[in-house]
file input_3.txt (compact mmCIF, C-alpha atoms)
# COMPACT_ATOMS: atom_id res chain seq x y z
CA MET R 938 114.92 -20.75 128.11
CA LYS R 939 112.75 -17.67 128.17
CA LYS R 940 115.34 -15.71 130.16
CA THR R 941 118.14 -16.78 127.83
CA THR R 942 116.20 -15.59 124.76
CA PHE R 943 115.41 -12.29 126.42
CA ILE R 944 119.04 -11.74 127.44
CA ALA R 945 120.24 -12.39 123.92
CA LEU R 946 117.85 -9.95 122.29
CA ILE R 947 118.30 -7.16 124.81
CA THR R 948 122.06 -7.56 124.53
CA LEU R 949 121.65 -7.02 120.80
CA LEU R 950 119.48 -3.97 121.16
CA VAL R 951 121.13 -2.20 124.06
CA CYS R 952 124.77 -3.19 123.88
CA GLY R 953 125.51 -2.98 120.17
CA ASN R 954 128.80 -1.13 120.57
CA MET R 955 129.94 -2.67 123.86
CA PHE R 956 132.33 -5.13 122.31
CA ALA R 957 135.00 -4.68 119.67
CA GLN R 958 133.78 -7.70 117.73
CA GLN R 959 130.17 -6.47 117.63
CA GLU R 960 129.16 -5.85 114.05
CA LYS R 961 126.82 -3.17 112.84
CA GLY R 962 123.57 -2.40 114.62
CA ILE R 963 120.24 -1.75 112.93
CA ILE R 964 121.99 0.55 110.45
CA GLY R 965 125.53 1.91 110.39
CA TYR R 966 128.35 1.38 112.88
CA ASN R 967 126.92 3.54 115.67
CA ASN R 968 124.22 2.11 117.93
CA TRP R 969 121.59 4.84 117.93
CA LEU R 970 119.90 3.26 120.96
CA ASN R 971 122.73 4.42 123.24
CA PRO R 972 122.35 5.91 125.76
CA TRP R 973 118.87 7.47 125.68
CA THR R 974 116.69 4.32 125.66
CA GLU R 975 115.59 2.41 128.77
CA PHE R 976 114.41 -1.20 128.57
CA LYS R 977 113.76 -1.46 132.31
CA PRO R 978 111.70 1.65 133.09
CA ASN R 979 110.02 -0.05 136.05
CA LYS R 980 113.35 0.16 137.88
CA ALA R 981 113.58 3.97 137.71
CA ASN R 982 112.75 6.02 140.79
CA TYR R 983 111.82 9.69 140.56
CA SER R 984 111.28 12.35 143.18
CA LYS R 985 107.81 13.65 144.01
CA PRO R 986 106.31 16.25 141.66
CA THR R 987 107.14 19.86 142.38
CA GLN R 988 104.77 21.40 139.82
CA ILE R 989 101.23 20.56 138.66
CA LEU R 990 99.95 20.90 135.10
CA SER R 991 96.16 20.98 134.81
CA GLY R 992 93.38 22.49 132.69
CA ASN R 993 94.32 24.70 129.75
CA ILE R 994 97.71 26.17 128.94
CA THR R 995 96.88 29.31 126.98
CA LYS R 996 100.19 31.19 126.96
CA ASN R 997 103.71 30.19 125.94
CA THR R 998 105.12 27.99 128.70
CA LYS R 999 108.45 26.32 129.39
CA LEU R 1000 109.02 23.26 131.56
CA PHE R 1001 112.41 22.95 133.25
CA LYS R 1002 114.60 19.99 134.14
CA ARG R 1003 114.94 21.20 137.73
CA ASP R 1004 111.23 20.49 138.36
CA ILE R 1005 109.14 17.33 138.13
CA TYR R 1006 105.69 17.91 136.66
CA LEU R 1007 102.42 16.09 137.35
CA LEU R 1008 99.81 15.89 134.58
CA LEU R 1009 96.56 16.16 136.50
CA GLY R 1010 93.59 15.15 134.36
CA ASP R 1011 93.30 16.31 130.75
CA VAL R 1012 95.82 19.08 130.08
CA PHE R 1013 95.39 21.09 126.86
CA VAL R 1014 97.83 23.43 125.11
CA THR R 1015 95.52 25.77 123.17
CA ASP R 1016 95.20 29.23 121.56
CA SER R 1017 98.24 28.89 119.24
CA THR R 1018 100.45 28.42 122.29
CA THR R 1019 103.90 26.80 122.36
CA LEU R 1020 104.86 24.40 125.15
CA THR R 1021 108.66 24.08 125.39
CA ILE R 1022 110.19 21.25 127.43
CA GLU R 1023 113.81 21.38 128.50
CA PRO R 1024 116.05 18.32 127.95
CA GLY R 1025 116.00 15.93 130.91
CA THR R 1026 112.57 17.07 132.14
CA ILE R 1027 110.38 14.44 133.81
CA ILE R 1028 106.61 14.61 133.36
CA ILE R 1029 104.45 12.23 135.37
CA GLY R 1030 100.95 11.20 134.34
CA ASP R 1031 98.55 11.02 137.30
CA PHE R 1032 97.03 7.57 137.76
CA LYS R 1033 93.75 8.60 139.44
CA THR R 1034 92.81 11.25 136.85
CA LYS R 1035 94.38 9.46 133.82
CA GLY R 1036 96.69 12.46 133.27
CA SER R 1037 97.07 13.29 129.58
CA LEU R 1038 98.62 16.04 127.47
CA VAL R 1039 96.95 17.36 124.31
CA ILE R 1040 98.64 19.77 121.91
CA SER R 1041 95.63 21.26 120.15
CA ASN R 1042 95.47 22.16 116.47
CA GLY R 1043 97.40 25.38 115.91
CA SER R 1044 99.59 25.01 119.01
CA LYS R 1045 103.07 23.49 119.22
CA ILE R 1046 105.25 21.36 121.43
CA ILE R 1047 109.02 21.78 121.44
CA ALA R 1048 110.23 18.71 123.31
CA GLU R 1049 113.81 18.39 122.14
CA GLY R 1050 115.77 16.18 124.46
CA THR R 1051 119.27 14.91 123.83
CA SER R 1052 120.78 11.44 123.64
CA THR R 1053 122.28 11.92 127.11
CA ASP R 1054 119.32 13.82 128.56
CA PRO R 1055 116.01 12.53 127.13
CA ILE R 1056 112.62 13.92 128.11
CA ILE R 1057 110.58 11.33 130.04
CA PHE R 1058 106.81 10.88 130.33
CA THR R 1059 106.04 8.18 132.88
CA SER R 1060 103.69 6.87 135.56
CA SER R 1061 102.94 8.47 138.94
CA ARG R 1062 102.83 5.11 140.72
CA SER R 1063 105.67 3.63 142.72
CA VAL R 1064 104.99 0.23 141.15
CA LYS R 1065 104.47 1.14 137.51
CA LYS R 1066 102.19 -0.86 135.22
CA PRO R 1067 100.97 -0.54 131.63
CA GLY R 1068 97.97 1.79 131.39
CA ASP R 1069 98.80 3.86 134.47
CA TRP R 1070 98.03 7.19 132.74
CA GLY R 1071 96.60 8.56 129.51
CA GLY R 1072 99.06 9.60 126.84
CA LEU R 1073 100.35 12.36 124.58
CA PHE R 1074 98.21 13.72 121.74
CA ILE R 1075 99.41 16.11 119.02
CA LEU R 1076 96.69 17.47 116.74
CA GLY R 1077 97.46 19.26 113.49
CA ASN R 1078 95.83 20.61 110.37
CA ALA R 1079 97.26 18.30 107.70
CA PRO R 1080 94.77 16.34 105.56
CA ILE R 1081 92.81 13.25 106.56
CA ASN R 1082 90.79 11.15 104.14
CA THR R 1083 87.36 11.35 105.79
CA PHE R 1084 84.59 13.55 104.43
CA GLY R 1085 84.82 17.07 105.83
CA SER R 1086 88.13 18.72 106.62
CA GLU R 1087 88.05 18.00 110.37
CA ALA R 1088 87.47 15.21 112.88
CA ALA R 1089 87.59 15.00 116.66
CA LEU R 1090 89.28 12.74 119.17
CA ASN R 1091 86.94 10.23 120.73
CA TYR R 1092 88.63 9.48 124.05
CA GLY R 1093 86.41 11.34 126.47
CA LEU R 1094 88.88 14.23 126.73
CA ARG R 1095 87.27 17.38 128.05
CA SER R 1096 88.26 21.01 127.69
CA SER R 1097 86.50 24.33 128.19
CA VAL R 1098 88.12 25.59 124.96
CA ALA R 1099 86.10 25.13 121.78
CA ASN R 1100 87.63 22.78 119.17
CA ALA R 1101 90.41 21.72 121.55
CA ILE R 1102 90.11 18.11 120.37
CA SER R 1103 89.55 18.72 116.65
CA TYR R 1104 92.14 17.94 114.00
CA GLY R 1105 92.50 17.94 110.23
CA GLY R 1106 92.89 20.55 107.53
CA LYS R 1107 94.51 21.21 104.16
CA ASN R 1108 98.17 21.83 104.95
CA PRO R 1109 100.38 18.72 104.64
CA ASP R 1110 103.42 20.88 105.42
CA SER R 1111 102.09 22.17 108.75
CA ASN R 1112 104.37 22.30 111.79
CA SER R 1113 103.28 21.06 115.22
CA GLY R 1114 106.76 21.35 116.71
CA ILE R 1115 109.53 18.92 117.71
CA LEU R 1116 109.57 15.56 119.49
CA LYS R 1117 113.13 14.31 119.79
CA TYR R 1118 114.79 12.02 122.31
CA VAL R 1119 111.58 11.40 124.23
CA ARG R 1120 110.52 8.33 126.24
CA ILE R 1121 106.85 7.55 126.96
CA GLU R 1122 106.33 4.82 129.55
CA PHE R 1123 103.32 2.96 131.02
CA ALA R 1124 100.69 5.00 129.13
CA GLY R 1125 97.43 3.76 127.59
CA LYS R 1126 94.94 3.95 130.46
CA ARG R 1127 91.62 2.23 129.78
CA THR R 1128 88.39 4.21 130.01
CA LYS R 1129 84.97 2.69 130.46
CA ASP R 1130 83.34 4.27 127.40
CA TYR R 1131 86.27 4.95 125.05
CA GLY R 1132 88.67 2.05 125.39
CA TYR R 1133 92.42 2.39 125.70
CA PHE R 1134 94.41 5.55 125.23
CA ASN R 1135 97.53 5.40 123.05
CA ALA R 1136 101.00 6.43 124.19
CA LEU R 1137 101.54 8.87 121.31
CA THR R 1138 98.75 9.94 118.98
CA LEU R 1139 99.71 12.07 115.97
CA ALA R 1140 96.47 13.19 114.31
CA ALA R 1141 96.69 15.17 111.05
CA VAL R 1142 100.26 16.22 111.86
CA GLY R 1143 102.20 17.82 108.99
CA GLN R 1144 105.64 16.97 107.67
CA GLU R 1145 107.38 20.08 109.02
CA THR R 1146 106.94 18.50 112.46
CA ILE R 1147 110.10 16.69 113.62
CA VAL R 1148 109.52 13.26 115.19
CA GLU R 1149 112.76 11.38 115.92
CA ASN R 1150 114.20 9.09 118.59
CA ILE R 1151 110.98 8.28 120.43
CA MET R 1152 110.72 5.23 122.68
CA VAL R 1153 107.38 3.91 123.91
CA SER R 1154 107.43 1.09 126.43
CA TYR R 1155 104.75 -0.91 128.23
CA CYS R 1156 101.74 0.85 126.73
CA GLN R 1157 98.33 -0.70 127.30
CA GLY R 1158 97.01 0.72 124.01
CA ASN R 1159 98.85 1.39 120.75
CA SER R 1160 102.38 2.72 121.08
CA PHE R 1161 102.19 5.02 118.05
CA ASN R 1162 98.79 5.93 116.61
CA ILE R 1163 99.11 7.90 113.37
CA VAL R 1164 95.84 9.35 112.04
CA GLY R 1165 96.07 11.03 108.65
CA GLY R 1166 98.71 13.69 108.15
CA LYS R 1167 102.10 13.50 106.47
CA LEU R 1168 105.15 12.52 108.52
CA ILE R 1169 108.72 11.30 108.50
CA LEU R 1170 109.43 9.04 111.50
CA ASP R 1171 113.01 8.05 112.24
CA GLN R 1172 114.49 5.91 115.01
CA MET R 1173 111.30 4.90 116.78
CA VAL R 1174 111.16 2.16 119.42
CA SER R 1175 108.07 0.29 120.62
CA TYR R 1176 108.80 -2.12 123.47
CA LYS R 1177 106.41 -4.67 124.95
CA SER R 1178 103.18 -2.81 124.33
CA SER R 1179 99.83 -4.58 124.66
CA GLY R 1180 98.30 -2.90 121.59
CA ASN R 1181 99.71 -2.35 118.12
CA ASP R 1182 103.21 -0.96 117.97
CA TYR R 1183 102.52 1.32 114.98
CA LYS R 1184 99.02 1.99 113.73
CA PHE R 1185 98.47 3.98 110.52
CA ASN R 1186 94.98 4.99 109.39
CA HIS R 1187 92.74 7.57 107.68
CA GLY R 1188 94.97 8.52 104.77
CA THR R 1189 98.25 8.97 106.58
CA GLN R 1190 101.33 9.50 104.42
CA VAL R 1191 104.29 8.14 106.39
CA TRP R 1192 107.95 7.34 105.83
CA ILE R 1193 109.30 5.32 108.78
CA SER R 1194 112.92 4.19 109.00
CA ASN R 1195 115.53 2.73 111.35
CA SER R 1196 112.92 1.63 113.89
CA LEU R 1197 112.09 -1.25 116.21
CA ALA R 1198 109.05 -3.14 117.43
CA ILE R 1199 109.73 -5.68 120.16
CA ARG R 1200 106.70 -7.71 121.16
CA SER R 1201 106.11 -10.22 123.90
CA PRO R 1202 103.26 -12.74 123.65
CA TYR R 1203 103.11 -12.74 127.45
CA VAL R 1204 102.05 -9.08 127.81
CA SER R 1205 99.70 -8.67 124.83
CA GLY R 1206 96.07 -7.74 125.37
CA ALA R 1207 92.96 -9.75 124.54
CA ASP R 1208 92.63 -8.21 121.05
CA ILE R 1209 94.91 -9.16 118.19
CA SER R 1210 97.82 -6.72 118.05
CA ARG R 1211 100.54 -6.32 115.46
CA CYS R 1212 103.83 -4.53 115.00
CA LEU R 1213 102.36 -2.60 112.05
CA PHE R 1214 98.63 -2.14 111.53
CA VAL R 1215 98.06 -0.35 108.23
CA SER R 1216 94.49 0.64 107.40
CA ASP R 1217 92.75 3.23 105.23
CA TYR R 1218 89.54 3.69 107.19
CA ASP R 1219 87.28 2.40 109.91
CA VAL R 1220 84.13 2.80 107.82
CA LYS R 1221 84.56 2.79 104.05
CA ASP R 1222 81.47 4.92 103.40
CA ASP R 1223 83.00 7.73 105.48
CA THR R 1224 86.08 7.87 103.24
CA ASP R 1225 86.69 10.50 100.56
CA PHE R 1226 88.56 8.62 97.82
CA ASP R 1227 89.36 11.87 96.01
CA ARG R 1228 91.94 12.48 98.75
CA GLU R 1229 95.22 10.72 99.47
CA GLN R 1230 94.74 7.24 100.87
CA THR R 1231 97.01 5.57 103.44
CA PHE R 1232 100.57 5.25 102.18
CA VAL R 1233 103.41 3.79 104.30
CA THR R 1234 107.03 3.37 103.27
CA ALA R 1235 109.22 1.46 105.76
CA THR R 1236 112.97 0.89 105.60
CA ASN R 1237 115.42 -0.71 108.01
CA LEU R 1238 112.83 -2.00 110.48
CA THR R 1239 113.39 -4.77 113.01
CA LEU R 1240 110.19 -6.52 114.13
CA ILE R 1241 110.80 -9.20 116.77
CA ASN R 1242 108.56 -11.46 118.83
CA LEU R 1243 110.16 -12.45 122.14
CA SER R 1244 108.70 -15.93 122.32
CA SER R 1245 110.59 -18.57 124.27
CA ASP R 1246 108.63 -21.39 122.61
CA LEU R 1247 107.15 -20.16 119.35
CA LYS R 1248 105.38 -23.41 118.48
CA ASN R 1249 103.67 -23.74 121.85
CA ASP R 1250 102.88 -20.02 122.16
CA THR R 1251 101.29 -20.14 118.71
CA LYS R 1252 99.20 -23.17 119.70
CA LEU R 1253 97.98 -21.18 122.72
CA GLY R 1254 96.97 -18.28 120.45
CA LEU R 1255 99.58 -15.91 121.87
CA VAL R 1256 101.44 -15.19 118.62
CA ASN R 1257 99.94 -13.25 115.71
CA GLU R 1258 101.14 -11.66 112.49
CA ALA R 1259 103.72 -8.87 112.52
CA ILE R 1260 102.05 -6.77 109.81
CA TYR R 1261 98.40 -6.33 108.86
CA LEU R 1262 97.51 -4.59 105.59
CA GLY R 1263 93.97 -3.44 104.98
CA GLU R 1264 92.08 -2.76 101.79
CA ASP R 1265 93.01 0.30 99.67
CA VAL R 1266 96.40 0.95 101.29
CA SER R 1267 99.80 1.33 99.66
CA PHE R 1268 102.71 -0.21 101.55
CA SER R 1269 106.35 -0.98 100.98
CA ILE R 1270 109.07 -2.37 103.24
CA ASP R 1271 112.75 -2.75 102.40
CA THR R 1272 115.93 -4.04 104.09
CA SER R 1273 114.12 -5.18 107.21
CA VAL R 1274 113.90 -8.14 109.59
CA ILE R 1275 110.65 -9.84 110.67
CA SER R 1276 111.28 -12.63 113.16
CA GLY R 1277 109.08 -15.02 115.12
CA PHE R 1278 105.48 -14.35 114.01
CA ASN R 1279 102.43 -16.32 112.84
CA PRO R 1280 102.63 -15.46 109.97
CA ALA R 1281 104.86 -12.50 109.11
CA VAL R 1282 102.18 -10.63 107.14
CA ILE R 1283 98.39 -10.85 106.81
CA LEU R 1284 96.54 -9.20 103.92
CA ASP R 1285 92.89 -8.37 104.51
CA ASP R 1286 90.54 -10.87 102.87
CA LYS R 1287 88.87 -8.03 100.88
CA ILE R 1288 92.09 -7.41 98.96
CA ILE R 1289 91.81 -8.89 95.47
CA ILE R 1290 95.12 -10.42 94.43
CA ASN R 1291 95.96 -9.03 90.99
CA ASN R 1292 98.70 -6.96 89.37
CA GLU R 1293 97.19 -3.70 90.61
CA SER R 1294 97.01 -4.72 94.27
CA LEU R 1295 100.40 -6.45 94.25
CA SER R 1296 102.01 -3.30 92.83
CA GLN R 1297 100.78 -1.43 95.90
CA MET R 1298 102.28 -3.94 98.39
CA LYS R 1299 106.03 -4.24 98.07
CA PHE R 1300 108.32 -6.45 100.16
CA THR R 1301 111.96 -6.21 99.12
CA ARG R 1302 115.33 -7.22 100.59
CA THR R 1303 113.61 -8.33 103.80
CA TYR R 1304 114.54 -11.24 106.05
CA PHE R 1305 111.52 -13.32 107.11
CA ASN R 1306 112.99 -15.38 109.93
CA ASN R 1307 111.42 -18.15 111.97
CA CYS R 1308 107.86 -17.19 111.03
CA ILE R 1309 105.04 -19.70 110.71
CA GLY R 1310 104.19 -18.60 107.20
CA ASN R 1311 105.38 -15.43 105.52
CA ILE R 1312 102.78 -13.50 103.50
CA PHE R 1313 99.19 -14.78 103.75
CA ARG R 1314 95.67 -13.61 103.00
CA LYS R 1315 93.31 -13.60 105.95
CA ASP R 1316 91.16 -16.77 106.17
CA PHE R 1317 92.78 -18.31 103.07
CA SER R 1318 94.27 -21.77 103.58
CA ASN R 1319 96.29 -21.80 100.35
CA ASN R 1320 98.73 -18.90 100.09
CA ASP R 1321 101.28 -20.51 97.79
CA ASP R 1322 100.74 -17.85 95.13
CA LEU R 1323 101.73 -15.05 97.48
CA GLU R 1324 104.61 -17.01 98.99
CA ASN R 1325 106.00 -17.76 95.53
CA TRP R 1326 105.42 -14.22 94.24
CA TYR R 1327 107.30 -12.47 97.04
CA GLY R 1328 109.80 -15.28 97.27
CA SER R 1329 111.05 -14.76 93.73
CA ARG R 1330 114.61 -13.54 93.25
CA SER R 1331 113.46 -10.21 91.86
CA PHE R 1332 112.37 -9.09 95.35
CA ASP R 1333 115.54 -10.37 97.04
CA ASN R 1334 113.67 -11.53 100.17
CA VAL R 1335 114.95 -14.35 102.36
CA TYR R 1336 112.81 -16.99 104.11
CA SER R 1337 114.71 -18.54 107.01
CA LYS R 1338 114.19 -20.72 110.09
CA GLY R 1339 117.29 -19.75 112.05
CA PRO R 1340 117.72 -18.31 115.55
CA ASP R 1341 117.69 -14.53 115.99
CA SER R 1342 121.35 -14.65 116.98
CA GLU R 1343 122.21 -15.49 113.38
CA THR R 1344 119.71 -13.33 111.56
CA PHE R 1345 121.28 -10.73 109.34
CA ILE R 1346 121.09 -9.11 105.94
CA ASN R 1347 124.34 -8.38 104.19
CA ALA R 1348 124.29 -5.89 101.34
CA ASN R 1349 125.83 -7.06 98.11
CA ASP R 1350 126.93 -3.61 97.01
CA ASN R 1351 127.95 -0.25 98.42
CA SER R 1352 124.83 1.59 97.30
CA ARG R 1353 122.79 0.45 100.29
CA PRO R 1354 123.59 0.07 103.99
CA ASP R 1355 124.85 -3.14 105.51
CA PHE R 1356 121.86 -3.95 107.72
CA ARG R 1357 122.41 -6.66 110.31
CA LEU R 1358 120.76 -8.19 113.30
CA ARG R 1359 123.48 -10.22 114.98
CA ILE R 1360 124.71 -11.16 118.45
CA ASN R 1361 128.36 -12.02 119.05
CA ARG R 1362 128.26 -12.31 122.81
CA ILE R 1363 125.61 -12.99 125.45
CA ILE R 1364 125.88 -11.47 128.91
CA ALA R 1365 124.47 -13.92 131.44
CA SER R 1366 123.27 -11.23 133.84
CA ASN R 1367 119.93 -11.02 135.60
CA ASP R 1368 120.22 -7.23 135.41
CA LEU R 1369 118.96 -7.52 131.85
CA ILE R 1370 115.76 -9.25 132.94
CA ASP R 1371 112.59 -7.33 133.76
CA ASP R 1372 110.68 -8.38 136.85
CA GLU R 1373 107.73 -9.31 134.67
CA ASP R 1374 109.84 -11.87 132.88
call {"tool": "encode", "arguments": {"input": "input_3.txt", "output": "structure tokens"}}
result
Amino acid sequence: MKKTTFIALITLLVCGNMFAQQEKGIIGYNNWLNPWTEFKPNKANYSKPTQILSGNITKNTKLFKRDIYLLLGDVFVTDSTTLTIEPGTIIIGDFKTKGSLVISNGSKIIAEGTSTDPIIFTSSRSVKKPGDWGGLFILGNAPINTFGSEAALNYGLRSSVANAISYGGKNPDSNSGILKYVRIEFAGKRTKDYGYFNALTLAAVGQETIVENIMVSYCQGNSFNIVGGKLILDQMVSYKSSGNDYKFNHGTQVWISNSLAIRSPYVSGADISRCLFVSDYDVKDDTDFDREQTFVTATNLTLINLSSDLKNDTKLGLVNEAIYLGEDVSFSIDTSVISGFNPAVILDDKIIINNESLSQMKFTRTYFNNCIGNIFRKDFSNNDDLENWYGSRSFDNVYSKGPDSETFINANDNSRPDFRLRINRIIASNDLIDDED
């Protein structure tokens, strides 16, 4: 049963245009997942590294497709330097030294792959596992909502350059470069004193930075960790990560669209993890409420839990909510699918349910499918008021208990896209099954 469910969903995600009768993908007639994504990265074999990246990169540098690069320890791009990465380049994070790449505040990364030649960050090990290496950090000088204009990463990263791990400033339009058609695999190494790394951390990154077509798979920490800043994220993929798929915090202003989060209850970590974790702060007293607070607008998202037996997996504590909303955040989601969670959404128990708070949390034209509850408050047994509020016809949401193969949203007019999640054929092939499944 588990294999059949997995085959069906991967067929949907990877093979959207394979058959003439296949209807639209996540948005539009073209499947934007083809051909740059990879749902079986553990099958890929790469040659041995030919170049080593270590220490500080202090002058403009270009990485070429003809070489394979090894990130040895903490690698920093500093001193207003630009690191350019050619399409098709492979960069391997060293397992023993938790290889990581940090683009310091004031420097840039130009990693612009193509749909046929993506840039790949992956593990140095022959048998790849989640948490094999550190991750990618981009630090900018856009605003954060903590007191003081700057903060510092707290991951144990070390550099001989002063302020190499600091981020934050006053320029929401700042430019940290380009990330486009990039895959990040098996990142999120755990450290003794600082916990898990994240695959991609964007800290105080400004909106002139281009972040599109990024796939994170099998991360031990969070796939995407967005700290402050102001960003437009388009066509993101988070696949089977142990941590949160998308974490937004510290006053981030984000517009995320046409993106996926595919979770498996069988690879999640010990802590509760969600597709979207939306928070405004870690410590409220450290927050400057005269600044912008966390604001997330999401459109055309697909959030799926790959559970073969939702009822039993929920009883075992393996299935959690898809979205967590903390106090003092603004959030909206539109034309999206949330399928197979317990429940779909959890609101923090500190949120007071009144007209003001409800106006800051908008759920419209969204398909809540096969969830054990839809929109709940944490630790509240009676959530009928929220269920009825968001279930009213004015929001145009749908509550359903159907299989994913029949989940779809069909627009009623031409002013919005026809957004569907639908499978018309299942390929019974073991090639679509990961070894871990």
call {"tool": "residues_around", "arguments": {"input": "input_3.txt", "residues": "R:Ser1337", "least_positions_apart": "3", "cutoff": "8 Å", "atoms": "only C-alpha atoms", "output": "ChimeraX atom specification"}}
result
/R:1304-1307
call {"tool": "write_last_selection", "arguments": {"input": "input_3.txt", "atoms": "C-alpha atoms", "output": "PDB file, keeping the file's coordinate frame"}}
result
ATOM      1  CA  TYR R1304     114.540 -11.240 106.050  1.00  0.00           C
ATOM      2  CA  PHE R1305     111.520 -13.320 107.110  1.00  0.00           C
ATOM      3  CA  ASN R1306     112.990 -15.380 109.930  1.00  0.00           C
ATOM      4  CA  ASN R1307     111.420 -18.150 111.970  1.00  0.00           C
TER       5      ASN R1307
END
call {"tool": "residues_around", "arguments": {"input": "input_3.txt", "residues": "stretch 1042-1059 of chain R", "least_positions_apart": "2", "cutoff": "8 Å", "atoms": "all atoms listed in the file", "output": "ChimeraX atom specification"}}
result
/R:971-973,1014-1030,1040,1061,1075-1078,1101-1104,1112-1124
call {"tool": "residues_around", "arguments": {"input": "input_3.txt", "residues": "stretch 1064-1067 of chain R", "least_positions_apart": "4", "cutoff": "8 Å", "atoms": "only C-alpha atoms", "output": "list in words"}}
result
Asn979, Ser1060, Glu1122, Phe1123, Ala1124, Gly1125, Lys1126, Tyr1155, Cys1156, Gln1157 and Ser1178 of chain R
call {"tool": "closest_atom_pairs", "arguments": {"input": "input_3.txt", "of": "stretch 1021-1084 of chain R", "to": "stretch 1183-1192 of chain R", "cutoff": "10 Å", "atoms": "all atoms listed in the file", "output": "JSON lines"}}
result
{"residue": "R:Ala1079", "atom": "CA", "partner": "R:Thr1189", "partner_atom": "CA", "distance": 9.4}
{"residue": "R:Pro1080", "atom": "CA", "partner": "R:Gly1188", "partner_atom": "CA", "distance": 7.9}
{"residue": "R:Ile1081", "atom": "CA", "partner": "R:Gly1188", "partner_atom": "CA", "distance": 5.5}
{"residue": "R:Asn1082", "atom": "CA", "partner": "R:Gly1188", "partner_atom": "CA", "distance": 5.0}
{"residue": "R:Thr1083", "atom": "CA", "partner": "R:His1187", "partner_atom": "CA", "distance": 6.8}
call {"tool": "atom_distance", "arguments": {"input": "input_3.txt", "atom1": "atom CA of R:Asn1159", "atom2": "atom CA of R:Ser1175"}}
result
9.3 Å
call {"tool": "closest_residue", "arguments": {"input": "input_3.txt", "among": "R:Thr974, R:Ser1294, R:Ser1179, R:Asn1237", "to": "R:Arg1127", "atoms": "only C-alpha atoms"}}
result
R:Ser1179
call {"tool": "residues_around", "arguments": {"input": "input_3.txt", "residues": "R:Leu1170", "least_positions_apart": "5", "cutoff": "10 Å", "atoms": "only C-alpha atoms", "output": "short mmCIF file (atom, residue, chain, number, x, y, z; two decimals) with C-alpha atoms, in the coordinates of the input"}}
result
data_model
loop_
_atom_site.label_atom_id
_atom_site.label_comp_id
_atom_site.auth_asym_id
_atom_site.auth_seq_id
_atom_site.Cartn_x
_atom_site.Cartn_y
_atom_site.Cartn_z
CA GLN R 1144 105.64 16.97 107.67
CA THR R 1146 106.94 18.50 112.46
CA ILE R 1147 110.10 16.69 113.62
CA VAL R 1148 109.52 13.26 115.19
CA GLU R 1149 112.76 11.38 115.92
CA ASN R 1150 114.20 9.09 118.59
CA ILE R 1151 110.98 8.28 120.43
CA VAL R 1191 104.29 8.14 106.39
CA TRP R 1192 107.95 7.34 105.83
CA ILE R 1193 109.30 5.32 108.78
CA SER R 1194 112.92 4.19 109.00
CA ASN R 1195 115.53 2.73 111.35
CA SER R 1196 112.92 1.63 113.89
CA ALA R 1235 109.22 1.46 105.76
#
call {"tool": "atom_distance", "arguments": {"input": "input_3.txt", "atom1": "atom CA of R:Tyr1327", "atom2": "atom CA of R:Leu1243"}}
result
25.3 Å
call {"tool": "closest_residue", "arguments": {"input": "input_3.txt", "among": "R:Gly1328, R:Gly1106, R:Gly1085, R:Gly1263", "to": "R:Phe1232", "atoms": "all atoms listed in the file"}}
result
R:Gly1263
call {"tool": "residues_around", "arguments": {"input": "input_3.txt", "residues": "stretch 1004-1008 of chain R", "least_positions_apart": "6", "cutoff": "9 Å", "atoms": "only C-alpha atoms", "output": "mmCIF file with C-alpha atoms, keeping the file's coordinate frame"}}
result
data_model
loop_
_atom_site.group_PDB
_atom_site.id
_atom_site.type_symbol
_atom_site.label_atom_id
_atom_site.label_comp_id
_atom_site.auth_asym_id
_atom_site.auth_seq_id
_atom_site.Cartn_x
_atom_site.Cartn_y
_atom_site.Cartn_z
ATOM 1 C CA TYR R 983 111.820 9.690 140.560
ATOM 2 C CA SER R 984 111.280 12.350 143.180
ATOM 3 C CA LYS R 985 107.810 13.650 144.010
ATOM 4 C CA PRO R 986 106.310 16.250 141.660
ATOM 5 C CA THR R 987 107.140 19.860 142.380
ATOM 6 C CA GLN R 988 104.770 21.400 139.820
ATOM 7 C CA ILE R 989 101.230 20.560 138.660
ATOM 8 C CA LEU R 990 99.950 20.900 135.100
ATOM 9 C CA SER R 991 96.160 20.980 134.810
ATOM 10 C CA THR R 1026 112.570 17.070 132.140
ATOM 11 C CA ILE R 1027 110.380 14.440 133.810
ATOM 12 C CA ILE R 1028 106.610 14.610 133.360
ATOM 13 C CA ILE R 1029 104.450 12.230 135.370
ATOM 14 C CA GLY R 1030 100.950 11.200 134.340
ATOM 15 C CA ASP R 1031 98.550 11.020 137.300
ATOM 16 C CA THR R 1034 92.810 11.250 136.850
ATOM 17 C CA LYS R 1035 94.380 9.460 133.820
ATOM 18 C CA GLY R 1036 96.690 12.460 133.270
ATOM 19 C CA SER R 1037 97.070 13.290 129.580
ATOM 20 C CA LEU R 1038 98.620 16.040 127.470
ATOM 21 C CA SER R 1061 102.940 8.470 138.940
#
call {"tool": "atom_distance", "arguments": {"input": "input_3.txt", "atom1": "atom CA of R:Ser1096", "atom2": "atom CA of R:Val1012"}}
result
8.2 Å
call {"tool": "closest_residue", "arguments": {"input": "input_3.txt", "among": "R:Asn1257, R:Thr1128, R:Ser1210, R:Ser1201", "to": "R:Ser1245", "atoms": "only C-alpha atoms"}}
result
R:Ser1201
call {"tool": "closest_residue", "arguments": {"input": "input_3.txt", "among": "R:Pro1109, R:Ile1275, R:Gly1254, R:Ser1318", "to": "R:Tyr1336", "atoms": "all atoms listed in the file"}}
result
R:Ile1275
call {"tool": "closest_residue", "arguments": {"input": "input_3.txt", "among": "R:Tyr1218, R:Phe1278, R:Phe1074, R:Phe1161", "to": "R:Asp1182", "atoms": "only C-alpha atoms"}}
result
R:Phe1161
